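Enquirer: Below is one structure. I have some questions about it.
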Amino acid sequence: METNDWDSLLIDYIDQNLSAADRGKVEQALRSDNAVRMQYEQLREILQAMEQVGEQEPPARMTTSFNARLQEEIRAAKQPRTISLTPTVYRVAAAIALLVLGGGAGYWISRHQQQQAELEAMQREMKATQEMLMAMLDNDLSASQRLQGATVALRMDRADNDLITVLARTLTDAPTTNVRLAALDALGKFSHERPVRQALIKALSTQNDPLVQIALIRMLVDMKEKTILKELHRISTDEQLLNEVKDEAHAGILRLS
Amino acid sequence: MKKIHLTFLLGILFAHVLLAQNPEYKVAKSTGRLEIKELNKVVFESTPGNEIIFTAFKDDGDVDERARGLRSISASGLEDNTGIGLSVVEKGNIIEVQQLRKTEGPAVVIKVPKGVVISYTHTSPYGKEVQFKYIESEIEVSTVHSDVILNSVKGPMTVKTVHGDIECLMGQTITSPVSIVSVHGHVDVNLPPATKANMKMKTVYGEIFVDPAFKMEVERTNGDMVAYSSNDVNGKINGGGVDITLSSTHNNIYLRKR
């Protein structure tokens, strides 16, 4: 056992803080080992001396000096703490690593914020455009406004359910054929979406404008929508309809069969 | 004596002018919507004023000697409140105009202020054509049998006919959108060569002819390929601008340089 280890054991022994096993071990060493015994004697004297000294008031001059140095230390402690690394290569590497990390984090945060802002701006713009074109599609006084609304819809990359609903209503209810055709064009652009497909199928049975009927039949046949076959049979035999509409329905049946 | 003769002659001339003047009906209106239904013979013109002016012209072929002294009435309850064989009813911002007679009716010129939207609907087989001359306001036309002649118009306009042909001479400035469609008739449009437009031309059983003066950038849909077999030709002329849609299901489309 090292001398330092014996120091702590012997101090604890003198202070009577050891467990029974350690105390036995120390007492055995004291009996058998002269070096330990000498160490014990020295420690005991030191500790006894320390107990005898007691508390002493420092001189006033020393207190003033101490306080002055303490204030200096406090002031120094307020300066930024530095971690000293040696050798210098480590410091440089740490500095570069800090720069890279800090720069990267800053860039990421800035980029993220920018993307977030751009996304929000795009969402706002898209919502505003949708609201504007839905207002245009509902304009009762001007067919051109409704047509313009459908044309704007045609240029949009995606359509939400509200827009699809308005376009489907326009396709069926707009008083002007041209507007219905433009709405059909716009819906056709999103025909891969299920709600649009369903709206087109539904519109086939309610459509009463021959021009739109022809365009709608052609679109659904191009989409290979076989569920309309029954409706096409009805249209092809409806005496009330124009021959051209019936012919288109008949051609559609042949293409889908 | 000479003076008396001159006065007499002037008097006769004045009376003749008065008698020969075609009957007119005016409605003060500079905005709103003019809805014309089932007028068989009508020409629309523009006026800088604030009144819609209806002028009826005599048509010798229209005179029924047996009906002289009688009043034409309509099964739909229309009333000739204009003295020219038309029913004109104002409903808020909309003025509804219909003729009482089904088969013939007066030939009418209607002058329209540029702030009034013109809506013309005709479904009966008794009309021949409807004309629009130098119209600056928005036009909506829907006919079943009549041809549509548009002369120096600027748009916006939505024109549709089932059996009629459509002839259109666009003015120097065009306002978007322009949509002209026919099922059976041809669509023949003259555009100023400098027109900047996004063109959509569509025919199912017809052909599309374009003046080579128009350098059209045809839209490519499948990657970099142009679908020549497609029924639709979409493209830009002079870099794009106003939206112009031309469609004829069973007939041809002609796009000419004005």
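Just so we're on the same page: first chain in the structure tokens is A, next is B, and so on; residues restart at 1 for each chain, and ligands are numbered from 1 in the order they show up.
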Please, which residues in chain A fall within 8 Å of chain B when counting only C-alpha atoms, and what is the closest atom pair and distance in Å to one decimal for each, ordered by chain then residue number, as CSV?

Expert:
```
residue,atom,partner,partner_atom,distance
A:Leu141,CA,B:Arg33,CA,7.1
A:Ser142,CA,B:Val117,CA,7.5
A:Ala143,CA,B:Glu140,CA,7.0
A:Ser144,CA,B:Pro156,CA,6.1
A:Leu147,CA,B:Pro177,CA,7.2
A:Gln148,CA,B:Pro177,CA,6.3
A:Thr176,CA,B:Ser142,CA,7.7
A:Thr177,CA,B:Lys160,CA,6.8
A:Asn178,CA,B:Thr158,CA,6.1
A:Val179,CA,B:Thr158,CA,8.0
A:Leu211,CA,B:Val183,CA,6.5
```

Enquirer: Those selected residues, please, written with N, CA and C atoms and delivered as a PDB file, in the first residue's frame.

Expert:
```pdb
ATOM      1  N   LEU A 141     -72.727  38.413 -62.369  1.00  0.00           N
ATOM      2  CA  LEU A 141     -72.948  39.425 -63.392  1.00  0.00           C
ATOM      3  C   LEU A 141     -72.062  39.271 -64.617  1.00  0.00           C
ATOM      4  N   SER A 142     -70.926  38.612 -64.464  1.00  0.00           N
ATOM      5  CA  SER A 142     -69.988  38.580 -65.581  1.00  0.00           C
ATOM      6  C   SER A 142     -69.513  37.168 -65.890  1.00  0.00           C
ATOM      7  N   ALA A 143     -69.864  36.679 -67.085  1.00  0.00           N
ATOM      8  CA  ALA A 143     -69.383  35.365 -67.517  1.00  0.00           C
ATOM      9  C   ALA A 143     -67.875  35.387 -67.694  1.00  0.00           C
ATOM     10  N   SER A 144     -67.343  36.531 -68.115  1.00  0.00           N
ATOM     11  CA  SER A 144     -65.899  36.630 -68.335  1.00  0.00           C
ATOM     12  C   SER A 144     -65.140  36.460 -67.032  1.00  0.00           C
ATOM     13  N   LEU A 147     -65.190  32.880 -66.298  1.00  0.00           N
ATOM     14  CA  LEU A 147     -64.267  32.218 -67.216  1.00  0.00           C
ATOM     15  C   LEU A 147     -62.825  32.441 -66.780  1.00  0.00           C
ATOM     16  N   GLN A 148     -62.540  33.675 -66.358  1.00  0.00           N
ATOM     17  CA  GLN A 148     -61.190  34.001 -65.904  1.00  0.00           C
ATOM     18  C   GLN A 148     -60.844  33.173 -64.671  1.00  0.00           C
ATOM     19  N   THR A 176     -73.245  29.901 -68.633  1.00  0.00           N
ATOM     20  CA  THR A 176     -72.551  30.051 -69.919  1.00  0.00           C
ATOM     21  C   THR A 176     -71.759  28.796 -70.261  1.00  0.00           C
ATOM     22  N   THR A 177     -71.952  28.338 -71.497  1.00  0.00           N
ATOM     23  CA  THR A 177     -71.259  27.125 -71.953  1.00  0.00           C
ATOM     24  C   THR A 177     -69.747  27.271 -71.858  1.00  0.00           C
ATOM     25  N   ASN A 178     -69.255  28.439 -72.292  1.00  0.00           N
ATOM     26  CA  ASN A 178     -67.802  28.660 -72.323  1.00  0.00           C
ATOM     27  C   ASN A 178     -67.195  28.499 -70.932  1.00  0.00           C
ATOM     28  N   VAL A 179     -67.918  28.981 -69.922  1.00  0.00           N
ATOM     29  CA  VAL A 179     -67.426  28.888 -68.548  1.00  0.00           C
ATOM     30  C   VAL A 179     -67.424  27.428 -68.101  1.00  0.00           C
ATOM     31  N   LEU A 211     -72.596  20.929 -75.846  1.00  0.00           N
ATOM     32  CA  LEU A 211     -71.152  21.108 -76.052  1.00  0.00           C
ATOM     33  C   LEU A 211     -70.355  20.518 -74.901  1.00  0.00           C
TER      34      LEU A 211
END
```

Enquirer: What residues in segment 5-234 of chain B get the DSSP label strand (DSSP E or B)? Please answer as a ChimeraX atom specification.

Expert: /B:24-28,32-37,41-47,51-57,86-91,94-99,107-113,116-122,129-133,139-143,147-153,157-161,166-170,178-182,187-191,197-203,208-210,216-218,222,225,232-234

Enquirer: When you look at His186 of chain B with a cut-off of 8 Å (counting only C-alpha atoms), what residues show up, excluding the ones that are within fewer than 2 positions of it in the same chain? I need them as a VMD selection string.

Expert: chain B and resid 164 to 166 182 184 188 248 251 to 254

Enquirer: Put those residues in a file: N, CA and C atoms, as a PDB file, in the first residue's frame.

Expert:
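Here's the written file again-v1.pdb:
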```pdb
ATOM      1  N   GLY B 164     -74.489  27.601 -85.611  1.00  0.00           N
ATOM      2  CA  GLY B 164     -74.067  28.784 -86.355  1.00  0.00           C
ATOM      3  C   GLY B 164     -72.563  28.861 -86.568  1.00  0.00           C
ATOM      4  N   ASP B 165     -72.211  29.690 -87.577  1.00  0.00           N
ATOM      5  CA  ASP B 165     -70.799  30.023 -87.787  1.00  0.00           C
ATOM      6  C   ASP B 165     -70.466  31.256 -86.949  1.00  0.00           C
ATOM      7  N   ILE B 166     -69.196  31.402 -86.638  1.00  0.00           N
ATOM      8  CA  ILE B 166     -68.772  32.585 -85.887  1.00  0.00           C
ATOM      9  C   ILE B 166     -67.650  33.274 -86.669  1.00  0.00           C
ATOM     10  N   SER B 182     -68.103  26.664 -81.086  1.00  0.00           N
ATOM     11  CA  SER B 182     -69.249  26.240 -81.888  1.00  0.00           C
ATOM     12  C   SER B 182     -69.224  24.721 -81.994  1.00  0.00           C
ATOM     13  N   HIS B 184     -71.160  22.987 -84.603  1.00  0.00           N
ATOM     14  CA  HIS B 184     -71.178  22.642 -86.036  1.00  0.00           C
ATOM     15  C   HIS B 184     -70.562  23.700 -86.924  1.00  0.00           C
ATOM     16  N   ASP B 188     -63.949  31.592 -87.253  1.00  0.00           N
ATOM     17  CA  ASP B 188     -62.994  32.318 -88.098  1.00  0.00           C
ATOM     18  C   ASP B 188     -62.629  33.616 -87.391  1.00  0.00           C
ATOM     19  N   SER B 248     -64.198  24.374 -82.223  1.00  0.00           N
ATOM     20  CA  SER B 248     -65.313  23.914 -83.048  1.00  0.00           C
ATOM     21  C   SER B 248     -65.269  22.403 -83.056  1.00  0.00           C
ATOM     22  N   ASN B 251     -66.281  21.374 -86.962  1.00  0.00           N
ATOM     23  CA  ASN B 251     -65.902  22.209 -88.104  1.00  0.00           C
ATOM     24  C   ASN B 251     -64.491  22.766 -87.898  1.00  0.00           C
ATOM     25  N   ASN B 252     -64.112  23.656 -88.812  1.00  0.00           N
ATOM     26  CA  ASN B 252     -62.731  24.135 -88.798  1.00  0.00           C
ATOM     27  C   ASN B 252     -62.552  25.407 -87.990  1.00  0.00           C
ATOM     28  N   ILE B 253     -61.298  25.629 -87.610  1.00  0.00           N
ATOM     29  CA  ILE B 253     -60.929  26.874 -86.940  1.00  0.00           C
ATOM     30  C   ILE B 253     -59.927  27.607 -87.835  1.00  0.00           C
ATOM     31  N   TYR B 254     -60.162  28.891 -88.032  1.00  0.00           N
ATOM     32  CA  TYR B 254     -59.254  29.702 -88.857  1.00  0.00           C
ATOM     33  C   TYR B 254     -58.753  30.865 -88.002  1.00  0.00           C
TER      34      TYR B 254
END
```

Enquirer: Do a neighbour search on Leu200 of chain A at 12 Å with only C-alpha atoms, toss out local chain neighbours closer than 2 positions, and write the hits as a PyMOL selection string.

Expert: chain A and resi 164-165+167-172+183-198+202-207+212-213+215-221+223+225+227-228

Enquirer: As an exercise, work out the distance from atom CA of Arg146 of chain A to atom CA of Met201 of chain B in Å and give it to one decimal place.

Expert: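 Computed distance, atom CA of Arg146 of chain A to atom CA of Met201 of chain B, equals 19.6 Å.
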
Enquirer: List every residue of segment 158-228 of chain A that DSSP, applied to the backbone of this structure, assigns to alpha helix (DSSP H), and report them as a VMD selection string.

Expert: chain A and resid 161 to 173 177 to 189 194 to 206 210 to 222

Enquirer: For segment 143-149 of chain B, find every residue with an atom within 8 Å (counting only C-alpha atoms), except residues of its own chain fewer than 4 positions away, and show them as number ranges by chain.

Expert: B: 120-125, 127-132, 160-168

Enquirer: Give me the residues near segment 84-92 of chain B as a PDB file with N, CA, C and O atoms, in the first residue's frame, where near means some atom within 12 Å (using only C-alpha atoms) and where sequence neighbours in that chain fewer than 3 positions away do not count.

Expert:
```pdb
ATOM      1  N   LEU A 141     -72.727  38.413 -62.369  1.00  0.00           N
ATOM      2  CA  LEU A 141     -72.948  39.425 -63.392  1.00  0.00           C
ATOM      3  C   LEU A 141     -72.062  39.271 -64.617  1.00  0.00           C
ATOM      4  O   LEU A 141     -72.388  39.767 -65.681  1.00  0.00           O
TER       5      LEU A 141
ATOM      6  N   ASN B  22     -86.970  56.444 -87.644  1.00  0.00           N
ATOM      7  CA  ASN B  22     -87.324  55.141 -87.089  1.00  0.00           C
ATOM      8  C   ASN B  22     -87.631  55.279 -85.608  1.00  0.00           C
ATOM      9  O   ASN B  22     -86.974  56.053 -84.899  1.00  0.00           O
ATOM     10  N   PRO B  23     -88.609  54.533 -85.137  1.00  0.00           N
ATOM     11  CA  PRO B  23     -88.991  54.658 -83.733  1.00  0.00           C
ATOM     12  C   PRO B  23     -87.880  54.191 -82.795  1.00  0.00           C
ATOM     13  O   PRO B  23     -87.199  53.199 -83.070  1.00  0.00           O
ATOM     14  N   GLU B  24     -87.717  54.928 -81.725  1.00  0.00           N
ATOM     15  CA  GLU B  24     -86.650  54.642 -80.763  1.00  0.00           C
ATOM     16  C   GLU B  24     -87.234  54.421 -79.377  1.00  0.00           C
ATOM     17  O   GLU B  24     -88.307  54.925 -79.045  1.00  0.00           O
ATOM     18  N   TYR B  25     -86.476  53.713 -78.570  1.00  0.00           N
ATOM     19  CA  TYR B  25     -86.823  53.568 -77.150  1.00  0.00           C
ATOM     20  C   TYR B  25     -85.525  53.655 -76.374  1.00  0.00           C
ATOM     21  O   TYR B  25     -84.538  53.006 -76.725  1.00  0.00           O
ATOM     22  N   LYS B  26     -85.512  54.478 -75.323  1.00  0.00           N
ATOM     23  CA  LYS B  26     -84.257  54.701 -74.595  1.00  0.00           C
ATOM     24  C   LYS B  26     -84.401  54.306 -73.117  1.00  0.00           C
ATOM     25  O   LYS B  26     -85.456  54.507 -72.520  1.00  0.00           O
ATOM     26  N   VAL B  27     -83.344  53.775 -72.589  1.00  0.00           N
ATOM     27  CA  VAL B  27     -83.294  53.465 -71.156  1.00  0.00           C
ATOM     28  C   VAL B  27     -82.000  54.066 -70.607  1.00  0.00           C
ATOM     29  O   VAL B  27     -80.914  53.796 -71.144  1.00  0.00           O
ATOM     30  N   ALA B  28     -82.124  54.899 -69.568  1.00  0.00           N
ATOM     31  CA  ALA B  28     -80.923  55.491 -68.977  1.00  0.00           C
ATOM     32  C   ALA B  28     -80.165  54.416 -68.201  1.00  0.00           C
ATOM     33  O   ALA B  28     -80.673  53.853 -67.227  1.00  0.00           O
ATOM     34  N   LYS B  29     -78.985  54.084 -68.674  1.00  0.00           N
ATOM     35  CA  LYS B  29     -78.197  53.020 -68.034  1.00  0.00           C
ATOM     36  C   LYS B  29     -76.749  53.102 -68.536  1.00  0.00           C
ATOM     37  O   LYS B  29     -76.507  53.080 -69.737  1.00  0.00           O
ATOM     38  N   THR B  31     -74.222  51.334 -66.524  1.00  0.00           N
ATOM     39  CA  THR B  31     -73.556  50.142 -65.975  1.00  0.00           C
ATOM     40  C   THR B  31     -74.597  49.020 -65.900  1.00  0.00           C
ATOM     41  O   THR B  31     -75.750  49.225 -66.278  1.00  0.00           O
ATOM     42  N   GLY B  32     -74.194  47.869 -65.397  1.00  0.00           N
ATOM     43  CA  GLY B  32     -75.142  46.756 -65.228  1.00  0.00           C
ATOM     44  C   GLY B  32     -75.115  45.812 -66.417  1.00  0.00           C
ATOM     45  O   GLY B  32     -74.104  45.709 -67.115  1.00  0.00           O
ATOM     46  N   ARG B  33     -76.244  45.189 -66.608  1.00  0.00           N
ATOM     47  CA  ARG B  33     -76.276  44.071 -67.562  1.00  0.00           C
ATOM     48  C   ARG B  33     -77.521  44.164 -68.434  1.00  0.00           C
ATOM     49  O   ARG B  33     -78.637  44.371 -67.940  1.00  0.00           O
ATOM     50  N   LEU B  34     -77.320  44.008 -69.736  1.00  0.00           N
ATOM     51  CA  LEU B  34     -78.429  44.031 -70.700  1.00  0.00           C
ATOM     52  C   LEU B  34     -78.636  42.610 -71.205  1.00  0.00           C
ATOM     53  O   LEU B  34     -77.765  42.052 -71.879  1.00  0.00           O
ATOM     54  N   GLU B  35     -79.785  42.021 -70.862  1.00  0.00           N
ATOM     55  CA  GLU B  35     -80.041  40.629 -71.263  1.00  0.00           C
ATOM     56  C   GLU B  35     -81.067  40.612 -72.379  1.00  0.00           C
ATOM     57  O   GLU B  35     -82.242  40.934 -72.160  1.00  0.00           O
ATOM     58  N   ILE B  36     -80.632  40.220 -73.552  1.00  0.00           N
ATOM     59  CA  ILE B  36     -81.501  40.191 -74.728  1.00  0.00           C
ATOM     60  C   ILE B  36     -81.844  38.737 -75.030  1.00  0.00           C
ATOM     61  O   ILE B  36     -80.928  37.920 -75.201  1.00  0.00           O
ATOM     62  N   LYS B  37     -83.143  38.454 -75.101  1.00  0.00           N
ATOM     63  CA  LYS B  37     -83.530  37.060 -75.362  1.00  0.00           C
ATOM     64  C   LYS B  37     -84.419  36.973 -76.598  1.00  0.00           C
ATOM     65  O   LYS B  37     -85.414  37.703 -76.693  1.00  0.00           O
ATOM     66  N   GLU B  38     -84.062  36.108 -77.473  1.00  0.00           N
ATOM     67  CA  GLU B  38     -84.889  35.726 -78.631  1.00  0.00           C
ATOM     68  C   GLU B  38     -85.219  36.880 -79.563  1.00  0.00           C
ATOM     69  O   GLU B  38     -86.311  36.913 -80.133  1.00  0.00           O
ATOM     70  N   LEU B  39     -84.323  37.826 -79.731  1.00  0.00           N
ATOM     71  CA  LEU B  39     -84.515  38.835 -80.764  1.00  0.00           C
ATOM     72  C   LEU B  39     -83.938  38.268 -82.061  1.00  0.00           C
ATOM     73  O   LEU B  39     -82.766  37.921 -82.117  1.00  0.00           O
ATOM     74  N   ASN B  40     -84.806  38.196 -83.104  1.00  0.00           N
ATOM     75  CA  ASN B  40     -84.377  37.508 -84.326  1.00  0.00           C
ATOM     76  C   ASN B  40     -83.415  38.312 -85.182  1.00  0.00           C
ATOM     77  O   ASN B  40     -82.559  37.748 -85.848  1.00  0.00           O
ATOM     78  N   VAL B  42     -80.974  41.517 -84.877  1.00  0.00           N
ATOM     79  CA  VAL B  42     -80.429  42.551 -83.990  1.00  0.00           C
ATOM     80  C   VAL B  42     -78.961  42.855 -84.309  1.00  0.00           C
ATOM     81  O   VAL B  42     -78.193  41.960 -84.652  1.00  0.00           O
ATOM     82  N   ILE B  52     -79.158  53.318 -73.134  1.00  0.00           N
ATOM     83  CA  ILE B  52     -79.269  52.221 -74.099  1.00  0.00           C
ATOM     84  C   ILE B  52     -80.374  52.646 -75.065  1.00  0.00           C
ATOM     85  O   ILE B  52     -81.489  52.987 -74.624  1.00  0.00           O
ATOM     86  N   ILE B  53     -80.069  52.649 -76.349  1.00  0.00           N
ATOM     87  CA  ILE B  53     -81.040  53.148 -77.333  1.00  0.00           C
ATOM     88  C   ILE B  53     -81.441  52.011 -78.274  1.00  0.00           C
ATOM     89  O   ILE B  53     -80.579  51.412 -78.943  1.00  0.00           O
ATOM     90  N   PHE B  54     -82.746  51.724 -78.289  1.00  0.00           N
ATOM     91  CA  PHE B  54     -83.291  50.690 -79.185  1.00  0.00           C
ATOM     92  C   PHE B  54     -83.926  51.396 -80.378  1.00  0.00           C
ATOM     93  O   PHE B  54     -84.804  52.242 -80.189  1.00  0.00           O
ATOM     94  N   THR B  55     -83.510  51.055 -81.571  1.00  0.00           N
ATOM     95  CA  THR B  55     -84.116  51.640 -82.769  1.00  0.00           C
ATOM     96  C   THR B  55     -84.640  50.510 -83.635  1.00  0.00           C
ATOM     97  O   THR B  55     -83.895  49.576 -83.975  1.00  0.00           O
ATOM     98  N   ALA B  56     -85.934  50.609 -83.977  1.00  0.00           N
ATOM     99  CA  ALA B  56     -86.546  49.548 -84.793  1.00  0.00           C
ATOM    100  C   ALA B  56     -86.594  49.986 -86.246  1.00  0.00           C
ATOM    101  O   ALA B  56     -86.876  51.151 -86.540  1.00  0.00           O
ATOM    102  N   PHE B  57     -86.299  49.073 -87.141  1.00  0.00           N
ATOM    103  CA  PHE B  57     -86.347  49.379 -88.575  1.00  0.00           C
ATOM    104  C   PHE B  57     -87.459  48.580 -89.215  1.00  0.00           C
ATOM    105  O   PHE B  57     -87.690  47.420 -88.868  1.00  0.00           O
ATOM    106  N   LYS B  58     -88.116  49.276 -90.191  1.00  0.00           N
ATOM    107  CA  LYS B  58     -89.205  48.593 -90.890  1.00  0.00           C
ATOM    108  C   LYS B  58     -88.625  47.541 -91.814  1.00  0.00           C
ATOM    109  O   LYS B  58     -87.601  47.745 -92.439  1.00  0.00           O
ATOM    110  N   ARG B  71    -102.916  44.267 -81.972  1.00  0.00           N
ATOM    111  CA  ARG B  71    -101.739  44.318 -81.104  1.00  0.00           C
ATOM    112  C   ARG B  71    -101.210  42.892 -80.892  1.00  0.00           C
ATOM    113  O   ARG B  71    -101.991  41.970 -80.640  1.00  0.00           O
ATOM    114  N   SER B  72     -99.914  42.770 -81.004  1.00  0.00           N
ATOM    115  CA  SER B  72     -99.295  41.455 -80.815  1.00  0.00           C
ATOM    116  C   SER B  72     -99.214  41.149 -79.311  1.00  0.00           C
ATOM    117  O   SER B  72     -98.799  42.000 -78.522  1.00  0.00           O
ATOM    118  N   ILE B  73     -99.665  39.971 -78.941  1.00  0.00           N
ATOM    119  CA  ILE B  73     -99.516  39.581 -77.531  1.00  0.00           C
ATOM    120  C   ILE B  73     -98.726  38.276 -77.455  1.00  0.00           C
ATOM    121  O   ILE B  73     -98.617  37.543 -78.425  1.00  0.00           O
ATOM    122  N   SER B  74     -98.189  38.029 -76.254  1.00  0.00           N
ATOM    123  CA  SER B  74     -97.318  36.867 -76.102  1.00  0.00           C
ATOM    124  C   SER B  74     -97.903  35.898 -75.097  1.00  0.00           C
ATOM    125  O   SER B  74     -98.487  36.301 -74.089  1.00  0.00           O
ATOM    126  N   SER B  76     -96.293  34.151 -73.120  1.00  0.00           N
ATOM    127  CA  SER B  76     -95.541  34.209 -71.858  1.00  0.00           C
ATOM    128  C   SER B  76     -95.842  35.474 -71.066  1.00  0.00           C
ATOM    129  O   SER B  76     -95.136  35.782 -70.097  1.00  0.00           O
ATOM    130  N   GLY B  77     -96.867  36.197 -71.497  1.00  0.00           N
ATOM    131  CA  GLY B  77     -97.287  37.358 -70.710  1.00  0.00           C
ATOM    132  C   GLY B  77     -96.482  38.614 -70.952  1.00  0.00           C
ATOM    133  O   GLY B  77     -96.562  39.568 -70.178  1.00  0.00           O
ATOM    134  N   LEU B  78     -95.706  38.618 -72.026  1.00  0.00           N
ATOM    135  CA  LEU B  78     -94.900  39.807 -72.307  1.00  0.00           C
ATOM    136  C   LEU B  78     -95.787  40.933 -72.819  1.00  0.00           C
ATOM    137  O   LEU B  78     -96.832  40.702 -73.439  1.00  0.00           O
ATOM    138  N   GLU B  79     -95.313  42.135 -72.567  1.00  0.00           N
ATOM    139  CA  GLU B  79     -96.089  43.300 -73.010  1.00  0.00           C
ATOM    140  C   GLU B  79     -95.186  44.224 -73.801  1.00  0.00           C
ATOM    141  O   GLU B  79     -94.029  44.453 -73.416  1.00  0.00           O
ATOM    142  N   ASP B  80     -95.716  44.743 -74.917  1.00  0.00           N
ATOM    143  CA  ASP B  80     -94.947  45.691 -75.721  1.00  0.00           C
ATOM    144  C   ASP B  80     -94.988  47.051 -75.025  1.00  0.00           C
ATOM    145  O   ASP B  80     -95.885  47.855 -75.255  1.00  0.00           O
ATOM    146  N   ASN B  81     -94.042  47.302 -74.146  1.00  0.00           N
ATOM    147  CA  ASN B  81     -94.038  48.566 -73.400  1.00  0.00           C
ATOM    148  C   ASN B  81     -93.098  49.605 -74.035  1.00  0.00           C
ATOM    149  O   ASN B  81     -92.740  50.590 -73.429  1.00  0.00           O
ATOM    150  N   ILE B  95     -81.362  44.638 -67.193  1.00  0.00           N
ATOM    151  CA  ILE B  95     -82.457  45.030 -68.088  1.00  0.00           C
ATOM    152  C   ILE B  95     -82.749  43.858 -69.002  1.00  0.00           C
ATOM    153  O   ILE B  95     -81.867  43.402 -69.752  1.00  0.00           O
ATOM    154  N   GLU B  96     -83.977  43.349 -68.910  1.00  0.00           N
ATOM    155  CA  GLU B  96     -84.360  42.191 -69.723  1.00  0.00           C
ATOM    156  C   GLU B  96     -85.144  42.653 -70.942  1.00  0.00           C
ATOM    157  O   GLU B  96     -86.128  43.388 -70.805  1.00  0.00           O
ATOM    158  N   VAL B  97     -84.718  42.196 -72.100  1.00  0.00           N
ATOM    159  CA  VAL B  97     -85.380  42.607 -73.346  1.00  0.00           C
ATOM    160  C   VAL B  97     -85.799  41.357 -74.111  1.00  0.00           C
ATOM    161  O   VAL B  97     -84.975  40.456 -74.341  1.00  0.00           O
ATOM    162  N   GLN B  98     -87.081  41.311 -74.500  1.00  0.00           N
ATOM    163  CA  GLN B  98     -87.558  40.197 -75.314  1.00  0.00           C
ATOM    164  C   GLN B  98     -88.479  40.745 -76.382  1.00  0.00           C
ATOM    165  O   GLN B  98     -89.120  41.776 -76.189  1.00  0.00           O
ATOM    166  N   GLN B  99     -88.562  40.047 -77.496  1.00  0.00           N
ATOM    167  CA  GLN B  99     -89.538  40.478 -78.497  1.00  0.00           C
ATOM    168  C   GLN B  99     -90.812  39.671 -78.313  1.00  0.00           C
ATOM    169  O   GLN B  99     -90.776  38.540 -77.821  1.00  0.00           O
ATOM    170  N   LEU B 100     -91.925  40.280 -78.737  1.00  0.00           N
ATOM    171  CA  LEU B 100     -93.203  39.602 -78.512  1.00  0.00           C
ATOM    172  C   LEU B 100     -93.480  38.541 -79.562  1.00  0.00           C
ATOM    173  O   LEU B 100     -94.040  37.492 -79.271  1.00  0.00           O
ATOM    174  N   ARG B 101     -93.076  38.849 -80.802  1.00  0.00           N
ATOM    175  CA  ARG B 101     -93.384  37.891 -81.868  1.00  0.00           C
ATOM    176  C   ARG B 101     -92.323  36.792 -81.895  1.00  0.00           C
ATOM    177  O   ARG B 101     -91.145  37.032 -81.677  1.00  0.00           O
ATOM    178  N   LYS B 102     -92.820  35.609 -82.191  1.00  0.00           N
ATOM    179  CA  LYS B 102     -91.914  34.458 -82.139  1.00  0.00           C
ATOM    180  C   LYS B 102     -91.148  34.295 -83.453  1.00  0.00           C
ATOM    181  O   LYS B 102     -89.941  34.128 -83.451  1.00  0.00           O
ATOM    182  N   GLU B 104     -91.072  36.368 -86.464  1.00  0.00           N
ATOM    183  CA  GLU B 104     -90.429  37.468 -87.174  1.00  0.00           C
ATOM    184  C   GLU B 104     -89.916  38.506 -86.184  1.00  0.00           C
ATOM    185  O   GLU B 104     -88.906  38.294 -85.550  1.00  0.00           O
ATOM    186  N   GLY B 105     -90.660  39.604 -86.059  1.00  0.00           N
ATOM    187  CA  GLY B 105     -90.226  40.631 -85.115  1.00  0.00           C
ATOM    188  C   GLY B 105     -89.459  41.737 -85.794  1.00  0.00           C
ATOM    189  O   GLY B 105     -89.044  41.608 -86.943  1.00  0.00           O
ATOM    190  N   PRO B 106     -89.253  42.828 -85.090  1.00  0.00           N
ATOM    191  CA  PRO B 106     -88.585  43.978 -85.699  1.00  0.00           C
ATOM    192  C   PRO B 106     -87.087  43.736 -85.857  1.00  0.00           C
ATOM    193  O   PRO B 106     -86.500  42.958 -85.120  1.00  0.00           O
ATOM    194  N   ALA B 107     -86.537  44.438 -86.870  1.00  0.00           N
ATOM    195  CA  ALA B 107     -85.067  44.475 -86.955  1.00  0.00           C
ATOM    196  C   ALA B 107     -84.630  45.616 -86.037  1.00  0.00           C
ATOM    197  O   ALA B 107     -85.109  46.737 -86.168  1.00  0.00           O
ATOM    198  N   VAL B 108     -83.756  45.321 -85.097  1.00  0.00           N
ATOM    199  CA  VAL B 108     -83.457  46.315 -84.061  1.00  0.00           C
ATOM    200  C   VAL B 108     -81.951  46.596 -84.016  1.00  0.00           C
ATOM    201  O   VAL B 108     -81.141  45.672 -84.081  1.00  0.00           O
ATOM    202  N   VAL B 109     -81.633  47.889 -83.914  1.00  0.00           N
ATOM    203  CA  VAL B 109     -80.256  48.272 -83.618  1.00  0.00           C
ATOM    204  C   VAL B 109     -80.236  48.727 -82.168  1.00  0.00           C
ATOM    205  O   VAL B 109     -81.059  49.560 -81.759  1.00  0.00           O
ATOM    206  N   ILE B 110     -79.343  48.175 -81.391  1.00  0.00           N
ATOM    207  CA  ILE B 110     -79.270  48.551 -79.973  1.00  0.00           C
ATOM    208  C   ILE B 110     -77.915  49.195 -79.718  1.00  0.00           C
ATOM    209  O   ILE B 110     -76.866  48.558 -79.940  1.00  0.00           O
TER     210      ILE B 110
END
```

Enquirer: Just to confirm, what's the straight-line distance from atom CA of Ala128 of chain A to atom CA of Gln116 of chain A in Å (one decimal)?

Expert: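 Taking atom CA of Ala128 of chain A and atom CA of Gln116 of chain A, their separation equals 18.1 Å.
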
Enquirer: Pick out the closest residue to Gly185 of chain B from this set: B:Gln172, B:Ser30, B:Thr203, B:Asn234. Count only C-alpha atoms.

Expert: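 Once distances to Gly185 of chain B are computed over only C-alpha atoms, the minimum belongs to B:Thr203.
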